[in-house]
$ cat run_32.cif   # mmCIF, C-alpha atoms
data_protein
loop_
_atom_site.label_atom_id
_atom_site.label_comp_id
_atom_site.auth_asym_id
_atom_site.auth_seq_id
_atom_site.Cartn_x
_atom_site.Cartn_y
_atom_site.Cartn_z
CA MET J 1 -13.94 9.36 0.55
CA ARG J 2 -11.54 12.02 1.83
CA THR J 3 -8.27 11.20 0.03
CA LEU J 4 -4.71 12.46 0.39
CA TYR J 5 -2.22 12.05 -2.45
CA PHE J 6 1.52 12.37 -1.76
CA ASP J 7 3.28 13.68 -4.89
CA CYS J 8 6.89 12.76 -4.06
CA PHE J 9 8.74 14.12 -7.12
CA ALA J 10 11.29 15.57 -4.68
CA GLY J 11 11.04 12.88 -2.04
CA ALA J 12 9.53 13.28 1.41
CA SER J 13 10.54 13.99 4.99
CA GLY J 14 8.71 14.53 8.24
CA ASP J 15 8.95 18.32 8.16
CA MET J 16 7.95 18.40 4.46
CA ILE J 17 4.78 16.45 5.32
CA LEU J 18 3.96 18.85 8.18
CA GLY J 19 4.56 21.90 5.97
CA ALA J 20 2.53 20.50 3.10
CA MET J 21 -0.45 19.65 5.33
CA VAL J 22 -0.50 23.15 6.83
CA ALA J 23 -0.20 24.66 3.34
CA ALA J 24 -3.11 22.47 2.22
CA GLY J 25 -5.41 23.88 4.87
CA VAL J 26 -4.68 22.35 8.28
CA GLU J 27 -4.81 25.20 10.82
CA SER J 28 -1.36 25.63 12.34
CA GLN J 29 -2.79 26.75 15.69
CA ALA J 30 -4.98 23.65 15.86
CA LEU J 31 -1.92 21.50 15.14
CA LEU J 32 0.14 23.26 17.81
CA GLY J 33 -2.70 22.93 20.30
CA GLN J 34 -2.88 19.18 19.71
CA LEU J 35 0.90 18.82 19.91
CA SER J 36 0.87 20.47 23.34
CA LEU J 37 -1.07 17.41 24.54
CA LEU J 38 2.08 15.38 23.92
CA ASP J 39 3.41 17.02 27.07
CA VAL J 40 7.10 17.05 26.16
CA PRO J 41 9.19 20.20 26.63
CA GLY J 42 12.10 21.52 24.65
CA TYR J 43 10.79 22.20 21.16
CA THR J 44 9.31 24.98 19.02
CA ILE J 45 7.67 24.91 15.59
CA GLU J 46 7.58 27.81 13.20
CA PHE J 47 5.78 27.71 9.84
CA GLN J 48 7.56 29.89 7.30
CA THR J 49 6.59 30.74 3.73
CA VAL J 50 9.67 30.15 1.58
CA ASP J 51 10.61 30.00 -2.09
CA ARG J 52 11.84 26.76 -3.62
CA SER J 53 12.84 27.34 -7.26
CA GLY J 54 9.90 29.65 -7.87
CA ILE J 55 7.31 27.68 -5.89
CA SER J 56 5.89 29.17 -2.71
CA ALA J 57 6.04 26.49 -0.04
CA THR J 58 5.62 26.12 3.72
CA TYR J 59 8.66 25.17 5.74
CA ALA J 60 7.92 23.56 9.11
CA ARG J 61 10.93 24.57 11.16
CA VAL J 62 11.12 22.27 14.18
CA GLN J 63 13.76 23.35 16.71
CA THR J 64 14.69 21.29 19.76
CA LEU J 65 17.23 21.37 22.53
CA ASP J 66 20.45 19.53 21.74
CA GLU J 67 19.78 15.93 22.79
CA GLN J 68 22.22 13.12 23.42
CA THR J 69 19.45 10.56 24.05
CA HIS J 70 19.19 7.45 21.87
CA ARG J 71 15.71 6.16 22.59
CA HIS J 72 14.40 2.63 22.22
CA LEU J 73 10.97 1.90 20.80
CA GLY J 74 9.51 1.39 24.27
CA HIS J 75 10.62 4.88 25.34
CA VAL J 76 9.03 6.48 22.28
CA LEU J 77 5.77 4.55 22.68
CA LYS J 78 5.56 5.54 26.34
CA ILE J 79 5.82 9.22 25.40
CA ILE J 80 3.03 8.77 22.85
CA TYR J 81 0.64 6.71 24.98
CA ASP J 82 1.18 8.80 28.14
CA SER J 83 -0.09 11.86 26.25
CA GLN J 84 -3.64 13.25 26.15
CA LEU J 85 -3.92 12.85 22.36
CA SER J 86 -6.79 10.95 20.77
CA VAL J 87 -6.56 7.18 20.50
CA GLU J 88 -6.53 7.41 16.68
CA VAL J 89 -3.55 9.79 16.67
CA LYS J 90 -1.68 7.72 19.27
CA ASP J 91 -2.19 4.48 17.37
CA ARG J 92 -1.14 5.93 14.02
CA ALA J 93 2.01 7.51 15.45
CA ALA J 94 2.84 4.29 17.30
CA LYS J 95 2.48 2.28 14.09
CA VAL J 96 4.93 4.60 12.33
CA PHE J 97 7.59 4.17 15.03
CA SER J 98 6.97 0.43 15.24
CA ARG J 99 7.52 0.19 11.50
CA LEU J 100 10.75 2.15 11.89
CA ALA J 101 11.93 -0.19 14.63
CA GLU J 102 11.13 -3.28 12.52
CA ALA J 103 13.10 -1.84 9.59
CA GLU J 104 16.11 -1.02 11.76
CA ALA J 105 15.95 -4.44 13.42
CA ARG J 106 16.01 -6.18 10.06
CA VAL J 107 18.85 -4.02 8.74
CA HIS J 108 21.05 -4.53 11.82
CA ASN J 109 19.88 -8.09 12.64
CA VAL J 110 18.89 -7.32 16.24
CA PRO J 111 15.61 -7.80 18.15
CA VAL J 112 13.13 -4.93 17.80
CA GLU J 113 13.26 -4.10 21.50
CA ARG J 114 17.05 -3.61 21.27
CA VAL J 115 16.93 -1.15 18.38
CA GLN J 116 18.37 2.21 19.32
CA PHE J 117 16.83 5.07 17.37
CA HIS J 118 19.45 7.60 16.41
CA GLU J 119 18.33 10.23 13.90
CA VAL J 120 14.69 9.09 14.12
CA GLY J 121 14.57 8.80 17.91
CA ALA J 122 15.30 12.46 18.51
CA LEU J 123 12.58 14.80 19.71
CA ASP J 124 12.19 16.51 16.34
CA ALA J 125 11.33 13.17 14.71
CA ILE J 126 8.74 12.49 17.42
CA ILE J 127 7.21 15.90 16.71
CA ASP J 128 7.23 15.19 12.95
CA VAL J 129 5.53 11.79 13.29
CA VAL J 130 2.96 12.79 15.89
CA GLY J 131 2.37 16.08 14.07
CA ALA J 132 1.69 14.24 10.81
CA ALA J 133 -0.78 11.92 12.58
CA ILE J 134 -2.54 14.97 14.03
CA CYS J 135 -2.71 16.64 10.60
CA PHE J 136 -4.24 13.57 8.98
CA ASN J 137 -6.83 13.47 11.75
CA LEU J 138 -7.65 17.18 11.54
CA ALA J 139 -8.00 16.94 7.75
CA GLY J 140 -10.28 13.90 8.06
CA ILE J 141 -8.20 11.77 5.72
CA GLU J 142 -9.68 8.32 5.07
CA ARG J 143 -7.58 7.12 2.13
CA PHE J 144 -3.87 7.62 1.37
CA VAL J 145 -2.25 7.24 -2.06
CA CYS J 146 1.38 7.93 -3.00
CA SER J 147 3.24 8.53 -6.24
CA PRO J 148 6.51 6.75 -7.02
CA LEU J 149 9.13 8.19 -4.65
CA HIS J 150 12.18 10.06 -5.89
CA VAL J 151 14.88 8.93 -3.45
CA GLY J 152 17.83 11.02 -4.67
CA SER J 153 21.36 9.80 -5.33
CA GLY J 154 24.90 9.84 -3.97
CA PHE J 155 25.86 9.12 -0.37
CA VAL J 156 24.61 10.19 3.05
CA ASP J 157 26.33 10.27 6.44
CA ILE J 158 24.28 8.63 9.21
CA ALA J 159 25.05 7.35 12.73
CA HIS J 160 26.37 4.02 11.39
CA GLY J 161 28.64 5.56 8.74
CA ARG J 162 28.53 6.67 5.12
CA PHE J 163 25.95 4.86 3.00
CA PRO J 164 24.58 5.12 -0.52
CA VAL J 165 21.17 6.70 -1.11
CA PRO J 166 18.68 5.37 -0.20
CA PRO J 167 20.28 4.29 3.08
CA PRO J 168 19.47 0.79 4.39
CA ALA J 169 16.56 1.68 6.69
CA VAL J 170 14.83 3.76 4.00
CA ALA J 171 15.28 0.98 1.44
CA GLN J 172 13.75 -1.49 3.89
CA LEU J 173 10.84 0.82 4.72
CA LEU J 174 10.03 1.36 1.05
CA LYS J 175 10.06 -2.33 0.18
CA GLY J 176 7.13 -2.89 -2.17
CA ALA J 177 6.80 0.80 -3.04
CA PRO J 178 7.83 2.20 -6.47
CA VAL J 179 11.03 4.26 -6.19
CA TYR J 180 13.43 5.90 -8.64
CA ALA J 181 16.59 7.99 -8.74
CA THR J 182 17.86 10.83 -10.94
CA ASP J 183 21.04 12.90 -10.98
CA ILE J 184 19.77 15.08 -8.11
CA LYS J 185 22.29 14.58 -5.32
CA GLY J 186 21.29 14.01 -1.73
CA GLU J 187 18.92 11.98 0.42
CA LEU J 188 15.46 13.06 -0.72
CA VAL J 189 13.46 10.50 1.28
CA THR J 190 14.34 10.46 4.97
CA PRO J 191 13.62 7.57 7.35
CA THR J 192 10.86 9.57 9.02
CA GLY J 193 9.23 10.46 5.71
CA ALA J 194 9.53 6.88 4.46
CA ALA J 195 8.03 5.47 7.67
CA ILE J 196 5.04 7.81 7.64
CA ILE J 197 4.21 7.14 3.99
CA ALA J 198 4.85 3.38 4.20
CA THR J 199 2.58 3.13 7.25
CA VAL J 200 -0.43 5.07 5.95
CA CYS J 201 -0.28 4.19 2.23
CA SER J 202 -1.45 0.92 0.76
CA GLU J 203 -1.79 2.35 -2.76
CA TYR J 204 0.95 3.68 -5.04
CA GLY J 205 0.59 5.03 -8.54
CA PRO J 206 -0.84 7.95 -10.50
CA LEU J 207 -3.14 10.57 -9.04
CA PRO J 208 -6.58 8.97 -8.64
CA GLN J 209 -9.65 10.70 -10.01
CA MET J 210 -10.81 13.09 -7.31
CA GLU J 211 -12.76 16.27 -6.72
CA LEU J 212 -9.85 18.42 -5.63
CA SER J 213 -10.38 20.62 -2.58
CA GLY J 214 -6.85 21.59 -1.58
CA THR J 215 -3.16 21.43 -2.43
CA GLY J 216 -0.09 22.25 -0.41
CA TYR J 217 3.68 22.38 -0.86
CA GLY J 218 5.97 21.44 2.02
CA ALA J 219 9.53 22.72 1.69
CA GLY J 220 12.65 20.64 2.19
CA THR J 221 15.73 22.08 3.83
CA ARG J 222 18.03 21.94 0.80
CA GLN J 223 17.76 24.30 -2.14
CA TYR J 224 18.63 23.23 -5.69
CA GLU J 225 18.94 25.24 -8.86
CA LYS J 226 15.88 24.79 -11.10
CA PHE J 227 14.58 21.89 -8.98
CA PRO J 228 11.83 22.61 -6.43
CA ASN J 229 12.69 20.64 -3.31
CA VAL J 230 9.10 20.36 -2.12
CA LEU J 231 6.55 17.70 -1.32
CA ARG J 232 3.16 18.34 -2.86
CA VAL J 233 -0.01 16.98 -1.29
CA LEU J 234 -3.39 17.00 -2.99
CA ILE J 235 -6.57 16.51 -0.97
CA GLY J 236 -10.01 15.77 -2.33
CA GLU J 237 -12.97 13.44 -2.52
CA THR J 238 -12.82 10.10 -4.30
CA GLU J 239 -15.55 7.52 -4.77
CA VAL J 240 -16.35 5.47 -1.69
CA GLN J 241 -14.77 2.06 -1.96
CA ALA J 242 -16.82 -0.88 -0.74
CA ALA J 243 -15.30 -3.08 1.93
CA ASN J 244 -14.82 -5.91 -0.56
CA GLU J 245 -13.69 -3.65 -3.39
CA GLU J 246 -10.06 -3.47 -4.46
CA ARG J 247 -7.89 -1.84 -7.08
CA LEU J 248 -6.02 -4.28 -9.30
CA TRP J 249 -3.95 -4.20 -12.49
CA MET J 250 -4.75 -5.74 -15.85
CA ILE J 251 -1.73 -6.63 -17.99
CA GLU J 252 -2.40 -7.35 -21.67
CA THR J 253 -0.50 -8.17 -24.82
CA ASN J 254 -1.44 -9.26 -28.37
CA VAL J 255 0.43 -12.28 -29.73
CA ASP J 256 0.20 -13.86 -33.21
CA ASP J 257 3.48 -15.76 -33.59
CA MET J 258 3.69 -18.16 -30.64
CA SER J 259 3.06 -21.89 -30.24
CA PRO J 260 -0.21 -22.79 -28.43
CA GLN J 261 1.85 -24.97 -26.08
CA ILE J 262 3.60 -21.86 -24.74
CA PHE J 263 0.27 -20.24 -23.87
CA GLY J 264 -0.57 -23.10 -21.52
CA HIS J 265 2.83 -22.80 -19.88
CA VAL J 266 2.42 -19.02 -19.48
CA MET J 267 -0.98 -19.42 -17.83
CA GLU J 268 0.47 -21.87 -15.31
CA ARG J 269 3.38 -19.51 -14.59
CA THR J 270 1.11 -16.50 -14.01
CA LEU J 271 -1.05 -18.37 -11.51
CA GLU J 272 2.02 -19.76 -9.73
CA MET J 273 3.34 -16.19 -9.39
CA GLY J 274 0.18 -14.91 -7.74
CA ALA J 275 -1.98 -13.72 -10.65
CA LEU J 276 -5.67 -13.63 -9.77
CA ASP J 277 -6.74 -14.60 -13.29
CA CYS J 278 -5.28 -15.34 -16.70
CA TYR J 279 -7.27 -15.86 -19.90
CA PHE J 280 -6.96 -15.81 -23.69
CA THR J 281 -9.24 -14.08 -26.21
CA PRO J 282 -9.12 -14.76 -29.97
CA ILE J 283 -8.54 -11.55 -31.93
CA GLN J 284 -7.88 -10.51 -35.53
CA MET J 285 -4.55 -8.75 -36.02
CA LYS J 286 -2.97 -6.85 -38.89
CA LYS J 287 -2.29 -8.59 -42.21
CA ASP J 288 -5.41 -10.70 -41.48
CA ARG J 289 -3.53 -12.89 -39.02
CA PRO J 290 -5.47 -14.58 -36.18
CA GLY J 291 -3.98 -13.76 -32.82
CA VAL J 292 -4.53 -14.08 -29.09
CA LEU J 293 -5.14 -11.36 -26.51
CA LEU J 294 -3.34 -12.56 -23.37
CA SER J 295 -4.81 -10.97 -20.22
CA VAL J 296 -3.46 -11.21 -16.67
CA LEU J 297 -5.24 -9.78 -13.62
CA CYS J 298 -3.03 -9.16 -10.60
CA ARG J 299 -2.46 -7.19 -7.43
CA PRO J 300 -0.28 -4.04 -7.61
CA GLU J 301 2.68 -5.71 -5.85
CA ASP J 302 2.80 -8.51 -8.46
CA LYS J 303 2.52 -6.30 -11.56
CA GLU J 304 6.24 -5.84 -12.23
CA SER J 305 7.27 -9.48 -11.77
CA LEU J 306 4.42 -10.72 -14.00
CA THR J 307 5.27 -8.17 -16.69
CA GLU J 308 8.89 -9.31 -16.71
CA MET J 309 7.78 -12.94 -16.93
CA LEU J 310 5.68 -12.17 -20.02
CA PHE J 311 8.70 -10.64 -21.72
CA TRP J 312 10.83 -13.69 -20.87
CA GLU J 313 8.29 -16.38 -21.70
CA THR J 314 6.38 -15.01 -24.72
CA THR J 315 7.29 -13.54 -28.10
CA THR J 316 5.69 -10.18 -27.33
CA LEU J 317 7.65 -6.96 -27.85
CA GLY J 318 5.46 -4.89 -25.55
CA VAL J 319 2.69 -5.08 -22.97
CA ARG J 320 0.13 -2.57 -21.79
CA SER J 321 -1.36 -2.26 -18.32
CA TYR J 322 -4.12 -0.31 -16.67
CA GLU J 323 -5.70 -0.10 -13.25
CA VAL J 324 -9.06 -1.78 -12.75
CA GLN J 325 -11.49 -1.92 -9.86
CA ARG J 326 -12.87 -5.25 -8.70
CA ARG J 327 -15.66 -5.96 -6.29
CA ALA J 328 -15.80 -9.55 -5.12
CA LEU J 329 -18.45 -11.35 -3.10
CA GLU J 330 -17.63 -12.43 0.45
CA ARG J 331 -16.61 -16.09 0.41
CA GLU J 332 -16.23 -18.96 2.85
CA ILE J 333 -15.76 -22.73 2.64
CA VAL J 334 -18.47 -24.93 4.18
CA ARG J 335 -17.94 -28.70 4.46
CA VAL J 336 -20.98 -30.92 3.90
CA GLU J 337 -21.46 -34.67 4.25
CA THR J 338 -22.74 -36.59 1.21
CA GLU J 339 -23.23 -40.24 0.34
CA TYR J 340 -19.98 -39.92 -1.61
CA GLY J 341 -18.01 -38.53 1.33
CA PRO J 342 -17.27 -35.03 2.68
CA ILE J 343 -17.24 -32.23 0.07
CA ASP J 344 -16.21 -28.58 0.52
CA VAL J 345 -18.64 -26.02 -0.87
CA LYS J 346 -17.49 -22.49 -1.70
CA VAL J 347 -20.26 -20.14 -0.53
CA ALA J 348 -20.62 -16.56 -1.81
CA ARG J 349 -22.49 -13.88 0.14
CA LEU J 350 -23.57 -10.31 -0.53
CA ASN J 351 -24.02 -8.13 2.56
CA GLY J 352 -24.24 -11.31 4.62
CA HIS J 353 -26.87 -12.97 2.43
CA HIS J 354 -26.18 -16.22 0.59
CA VAL J 355 -26.31 -15.68 -3.20
CA ASN J 356 -24.35 -18.58 -4.69
CA GLU J 357 -22.56 -21.84 -3.91
CA MET J 358 -20.16 -24.06 -5.80
CA PRO J 359 -18.93 -27.52 -4.75
CA GLU J 360 -15.16 -27.86 -5.07
CA TYR J 361 -14.49 -29.41 -8.46
CA GLU J 362 -11.43 -31.53 -7.66
CA GLN J 363 -13.09 -33.11 -4.61
CA CYS J 364 -16.25 -33.86 -6.59
CA ARG J 365 -14.23 -35.34 -9.45
CA ALA J 366 -12.24 -37.60 -7.10
CA ALA J 367 -15.42 -38.74 -5.35
CA ALA J 368 -17.12 -39.45 -8.70
CA LEU J 369 -14.18 -41.59 -9.86
CA ARG J 370 -14.15 -43.54 -6.60
CA ALA J 371 -17.89 -44.21 -6.70
CA LYS J 372 -17.97 -44.68 -10.49
CA VAL J 373 -20.82 -42.20 -10.89
CA PRO J 374 -21.20 -39.10 -13.09
CA LEU J 375 -19.53 -35.92 -11.82
CA ARG J 376 -22.84 -34.07 -11.89
CA ALA J 377 -24.31 -36.64 -9.46
CA VAL J 378 -21.71 -35.75 -6.83
CA GLU J 379 -22.14 -32.01 -7.42
CA SER J 380 -25.93 -32.36 -7.05
CA ALA J 381 -25.50 -34.33 -3.83
CA ALA J 382 -23.20 -31.63 -2.43
CA ARG J 383 -25.65 -28.86 -3.32
CA LEU J 384 -28.53 -30.81 -1.76
CA ALA J 385 -26.55 -31.40 1.44
CA PHE J 386 -25.66 -27.72 1.61
CA GLY J 387 -29.32 -26.73 1.13
CA LEU J 388 -30.42 -29.05 3.91
CA GLN J 389 -27.70 -27.64 6.19
CA ILE J 390 -28.89 -24.07 5.51
CA ALA J 391 -32.52 -25.04 6.15
CA SER J 392 -31.56 -26.73 9.42
CA SER J 393 -29.62 -23.71 10.66
CA ARG J 394 -32.57 -21.43 9.86
CA ARG J 395 -34.95 -23.66 11.85
CA ASP J 396 -32.57 -23.67 14.80
CA SER J 397 -32.32 -19.86 14.82
CA SER J 398 -36.09 -19.28 14.58
#
$ encode --input "run_32.cif" --output "structure tokens"
Amino acid sequence: MRTLYFDCFAGASGDMILGAMVAAGVESQALLGQLSLLDVPGYTIEFQTVDRSGISATYARVQTLDEQTHRHLGHVLKIIYDSQLSVEVKDRAAKVFSRLAEAEARVHNVPVERVQFHEVGALDAIIDVVGAAICFNLAGIERFVCSPLHVGSGFVDIAHGRFPVPPPAVAQLLKGAPVYATDIKGELVTPTGAAIIATVCSEYGPLPQMELSGTGYGAGTRQYEKFPNVLRVLIGETEVQAANEERLWMIETNVDDMSPQIFGHVMERTLEMGALDCYFTPIQMKKDRPGVLLSVLCRPEDKESLTEMLFWETTTLGVRSYEVQRRALEREIVRVETEYGPIDVKVARLNGHHVNEMPEYEQCRAAALRAKVPLRAVESAARLAFGLQIASSRRDSS
């Protein structure tokens, strides 16, 4: 799978993304040719090779006429969809601007259609966003992954006043993404850069294993002493991910000094907080003490909150975590009628073919108690009813 990794150790902006993609192998003339299909006058792009603290990088210099226009989302979308660009490029660029509008609307508490784009509604931002969408298309990118984003520090002057870094819209756009700050002053992640990355990326973390085919450095405008203000992109092939395959996190800790009652409480808390699984494994620890390996499987967005909960609720002094890959069968709930009443059956399929079924335990248990029969009798009745239903549907389709 053709994969692009954003290495945002110095943040990201629209022109940094354009420069990095050209440096990584996207033909600048092909990009310019596609941008001409946007059919808007008043801009030029020049790709310059510059030095950023010893690193050779590409600076995408977008110059436009001085504009006083503050566009609404509808105006921007009309420009995009009136163009001769491909549907894929149009849709991706539109999603970026829609995400920007939603962030601004939430920050300023106004309807999306009333949001006035200031910095990000100008022509250069339109060129950055559409240009990035074109680059991704030309490079054939199928998967996007991003590192934690270095947002900078200090204050920035924007249309609404002077705000701390990251400014409100950027903070809203990066909700759910890992961010950090250092003593480097300035706004390192711009609204345009944040919107592009937040729109295309569903994965954040370390560089995935890939067969690397290209790298590129896109230069930022500012220059710092001994700090390369560049965005690095890495492009390569990663393993094809099945449609029902996902990347999750496993959180683990070894405990040998905690009451068994607390373990039950911790399991309940993890599941309430969105963990996909929680289980305990008996282990032998140092000084010949019996212990418990506490394991929690979760989605990336729940990893931090579950880790904090383990520190609060258990006696552990440290946890470890690692990324895992899970492939789950397709599932659906089918209701069947039995002599004990209606029962839901969880059906698992592989590539559309039925491979397993499981009657819902709580419903079977309640039905068994009502009828005063063994639990297994209700489960058997549910499985039989499901089998008859499958056989009937096959006869009807033949």
$ resolve_selection --input "run_32.cif" --expression "the PyMOL selection byres ((chain J and resi 351-353) around 10)" --output "short mmCIF file (atom, residue, chain, number, x, y, z; two decimals) with C-alpha atoms, in the coordinates of the input"
data_model
loop_
_atom_site.label_atom_id
_atom_site.label_comp_id
_atom_site.auth_asym_id
_atom_site.auth_seq_id
_atom_site.Cartn_x
_atom_site.Cartn_y
_atom_site.Cartn_z
CA ASN J 244 -14.82 -5.91 -0.56
CA LEU J 329 -18.45 -11.35 -3.10
CA GLU J 330 -17.63 -12.43 0.45
CA ARG J 331 -16.61 -16.09 0.41
CA ALA J 348 -20.62 -16.56 -1.81
CA ARG J 349 -22.49 -13.88 0.14
CA LEU J 350 -23.57 -10.31 -0.53
CA HIS J 354 -26.18 -16.22 0.59
CA VAL J 355 -26.31 -15.68 -3.20
CA ASN J 356 -24.35 -18.58 -4.69
#
$ residues_around --input "run_32.cif" --residues "Asn254 (chain J)" --least-positions-apart "6" --cutoff "10 Å" --atoms "all atoms listed in the file" --output "list in words"
Phe280, Thr281, Pro282, Ile283, Gln284, Met285, Gly291, Val292, Leu293, Leu294, Ser295, Thr315, Thr316, Leu317, Gly318, Val319 and Arg320 of chain J
$ residues_around --input "run_32.cif" --residues "Val336 (chain J)" --least-positions-apart "2" --cutoff "8 Å" --atoms "only C-alpha atoms" --output "list in words"
Val334, Thr338, Pro342, Ile343, Asp344, Val345, Ala382, Ala385, Phe386 and Gln389 of chain J
$ resolve_selection --input "run_32.cif" --expression "the PyMOL selection byres ((chain J and resi 80) around 8)" --output "PyMOL selection string"
chain J and resi 38+76-79+81-83+90+93-94
$ resolve_selection --input "run_32.cif" --expression "the PyMOL selection byres ((chain J and resi 212) around 10)" --output "list of chain:residue names"
J:Arg2, J:Thr3, J:Leu4, J:Gln209, J:Met210, J:Glu211, J:Ser213, J:Gly214, J:Thr215, J:Leu234, J:Ile235, J:Gly236, J:Glu237, J:Thr238
$ residues_around --input "run_32.cif" --residues "Ile262 (chain J)" --least-positions-apart "4" --cutoff "10 Å" --atoms "all atoms listed in the file" --output "ChimeraX atom specification"
/J:258,266-268,313-315
$ write_last_selection --input "run_32.cif" --atoms "C-alpha atoms" --output "PDB file, keeping the file's coordinate frame"
ATOM      1  CA  MET J 258       3.690 -18.160 -30.640  1.00  0.00           C
ATOM      2  CA  VAL J 266       2.420 -19.020 -19.480  1.00  0.00           C
ATOM      3  CA  MET J 267      -0.980 -19.420 -17.830  1.00  0.00           C
ATOM      4  CA  GLU J 268       0.470 -21.870 -15.310  1.00  0.00           C
ATOM      5  CA  GLU J 313       8.290 -16.380 -21.700  1.00  0.00           C
ATOM      6  CA  THR J 314       6.380 -15.010 -24.720  1.00  0.00           C
ATOM      7  CA  THR J 315       7.290 -13.540 -28.100  1.00  0.00           C
TER       8      THR J 315
END
$ atom_distance --input "run_32.cif" --atom1 "CA of Lys346 (chain J)" --atom2 "CA of Ile333 (chain J)"
4.7 Å
$ atom_distance --input "run_32.cif" --atom1 "CA of Leu231 (chain J)" --atom2 "CA of Val22 (chain J)"
12.1 Å
$ closest_residue --input "run_32.cif" --among "J:Ala219, J:Val96, J:Val189, J:Ala101" --to "Val129 (chain J)" --atoms "all atoms listed in the file"
J:Val96
$ atom_distance --input "run_32.cif" --atom1 "CA of Pro260 (chain J)" --atom2 "CA of Leu276 (chain J)"
21.5 Å
$ residues_around --input "run_32.cif" --residues "Arg247 (chain J)" --least-positions-apart "2" --cutoff "12 Å" --atoms "only C-alpha atoms" --output "PDB file with C-alpha atoms, in the frame of the given file"
ATOM      1  CA  VAL J 145      -2.250   7.240  -2.060  1.00  0.00           C
ATOM      2  CA  SER J 202      -1.450   0.920   0.760  1.00  0.00           C
ATOM      3  CA  GLU J 203      -1.790   2.350  -2.760  1.00  0.00           C
ATOM      4  CA  TYR J 204       0.950   3.680  -5.040  1.00  0.00           C
ATOM      5  CA  GLY J 205       0.590   5.030  -8.540  1.00  0.00           C
ATOM      6  CA  PRO J 208      -6.580   8.970  -8.640  1.00  0.00           C
ATOM      7  CA  GLN J 241     -14.770   2.060  -1.960  1.00  0.00           C
ATOM      8  CA  ALA J 242     -16.820  -0.880  -0.740  1.00  0.00           C
ATOM      9  CA  ALA J 243     -15.300  -3.080   1.930  1.00  0.00           C
ATOM     10  CA  ASN J 244     -14.820  -5.910  -0.560  1.00  0.00           C
ATOM     11  CA  GLU J 245     -13.690  -3.650  -3.390  1.00  0.00           C
ATOM     12  CA  TRP J 249      -3.950  -4.200 -12.490  1.00  0.00           C
ATOM     13  CA  MET J 250      -4.750  -5.740 -15.850  1.00  0.00           C
ATOM     14  CA  LEU J 297      -5.240  -9.780 -13.620  1.00  0.00           C
ATOM     15  CA  CYS J 298      -3.030  -9.160 -10.600  1.00  0.00           C
ATOM     16  CA  ARG J 299      -2.460  -7.190  -7.430  1.00  0.00           C
ATOM     17  CA  PRO J 300      -0.280  -4.040  -7.610  1.00  0.00           C
ATOM     18  CA  GLU J 301       2.680  -5.710  -5.850  1.00  0.00           C
ATOM     19  CA  TYR J 322      -4.120  -0.310 -16.670  1.00  0.00           C
ATOM     20  CA  GLU J 323      -5.700  -0.100 -13.250  1.00  0.00           C
ATOM     21  CA  VAL J 324      -9.060  -1.780 -12.750  1.00  0.00           C
ATOM     22  CA  GLN J 325     -11.490  -1.920  -9.860  1.00  0.00           C
ATOM     23  CA  ARG J 326     -12.870  -5.250  -8.700  1.00  0.00           C
ATOM     24  CA  ARG J 327     -15.660  -5.960  -6.290  1.00  0.00           C
ATOM     25  CA  ALA J 328     -15.800  -9.550  -5.120  1.00  0.00           C
TER      26      ALA J 328
END
$ residues_around --input "run_32.cif" --residues "Glu104 (chain J)" --least-positions-apart "6" --cutoff "10 Å" --atoms "only C-alpha atoms" --output "list in words"
Ser98, Val110, Pro111, Val112, Arg114, Val115, Gln116, Phe117, Pro168, Ala169, Val170, Gln172, Leu173 and Pro191 of chain J
$ closest_residue --input "run_32.cif" --among "J:Thr49, J:Ser153, J:Thr199, J:Asn137" --to "Ala20 (chain J)" --atoms "all atoms listed in the file"
J:Thr49
$ closest_residue --input "run_32.cif" --among "J:Val378, J:Leu188, J:Val26, J:Ile126" --to "Val165 (chain J)" --atoms "all atoms listed in the file"
J:Leu188
$ closest_residue --input "run_32.cif" --among "J:Glu252, J:Glu27, J:Asp15, J:Glu187" --to "Asp128 (chain J)" --atoms "all atoms listed in the file"
J:Asp15
$ closest_residue --input "run_32.cif" --among "J:Arg92, J:His75, J:Arg394, J:Arg52" --to "Gly220 (chain J)" --atoms "all atoms listed in the file"
J:Arg52
$ closest_residue --input "run_32.cif" --among "J:Val347, J:Pro228, J:Phe136, J:Arg162" --to "Gly387 (chain J)" --atoms "only C-alpha atoms"
J:Val347
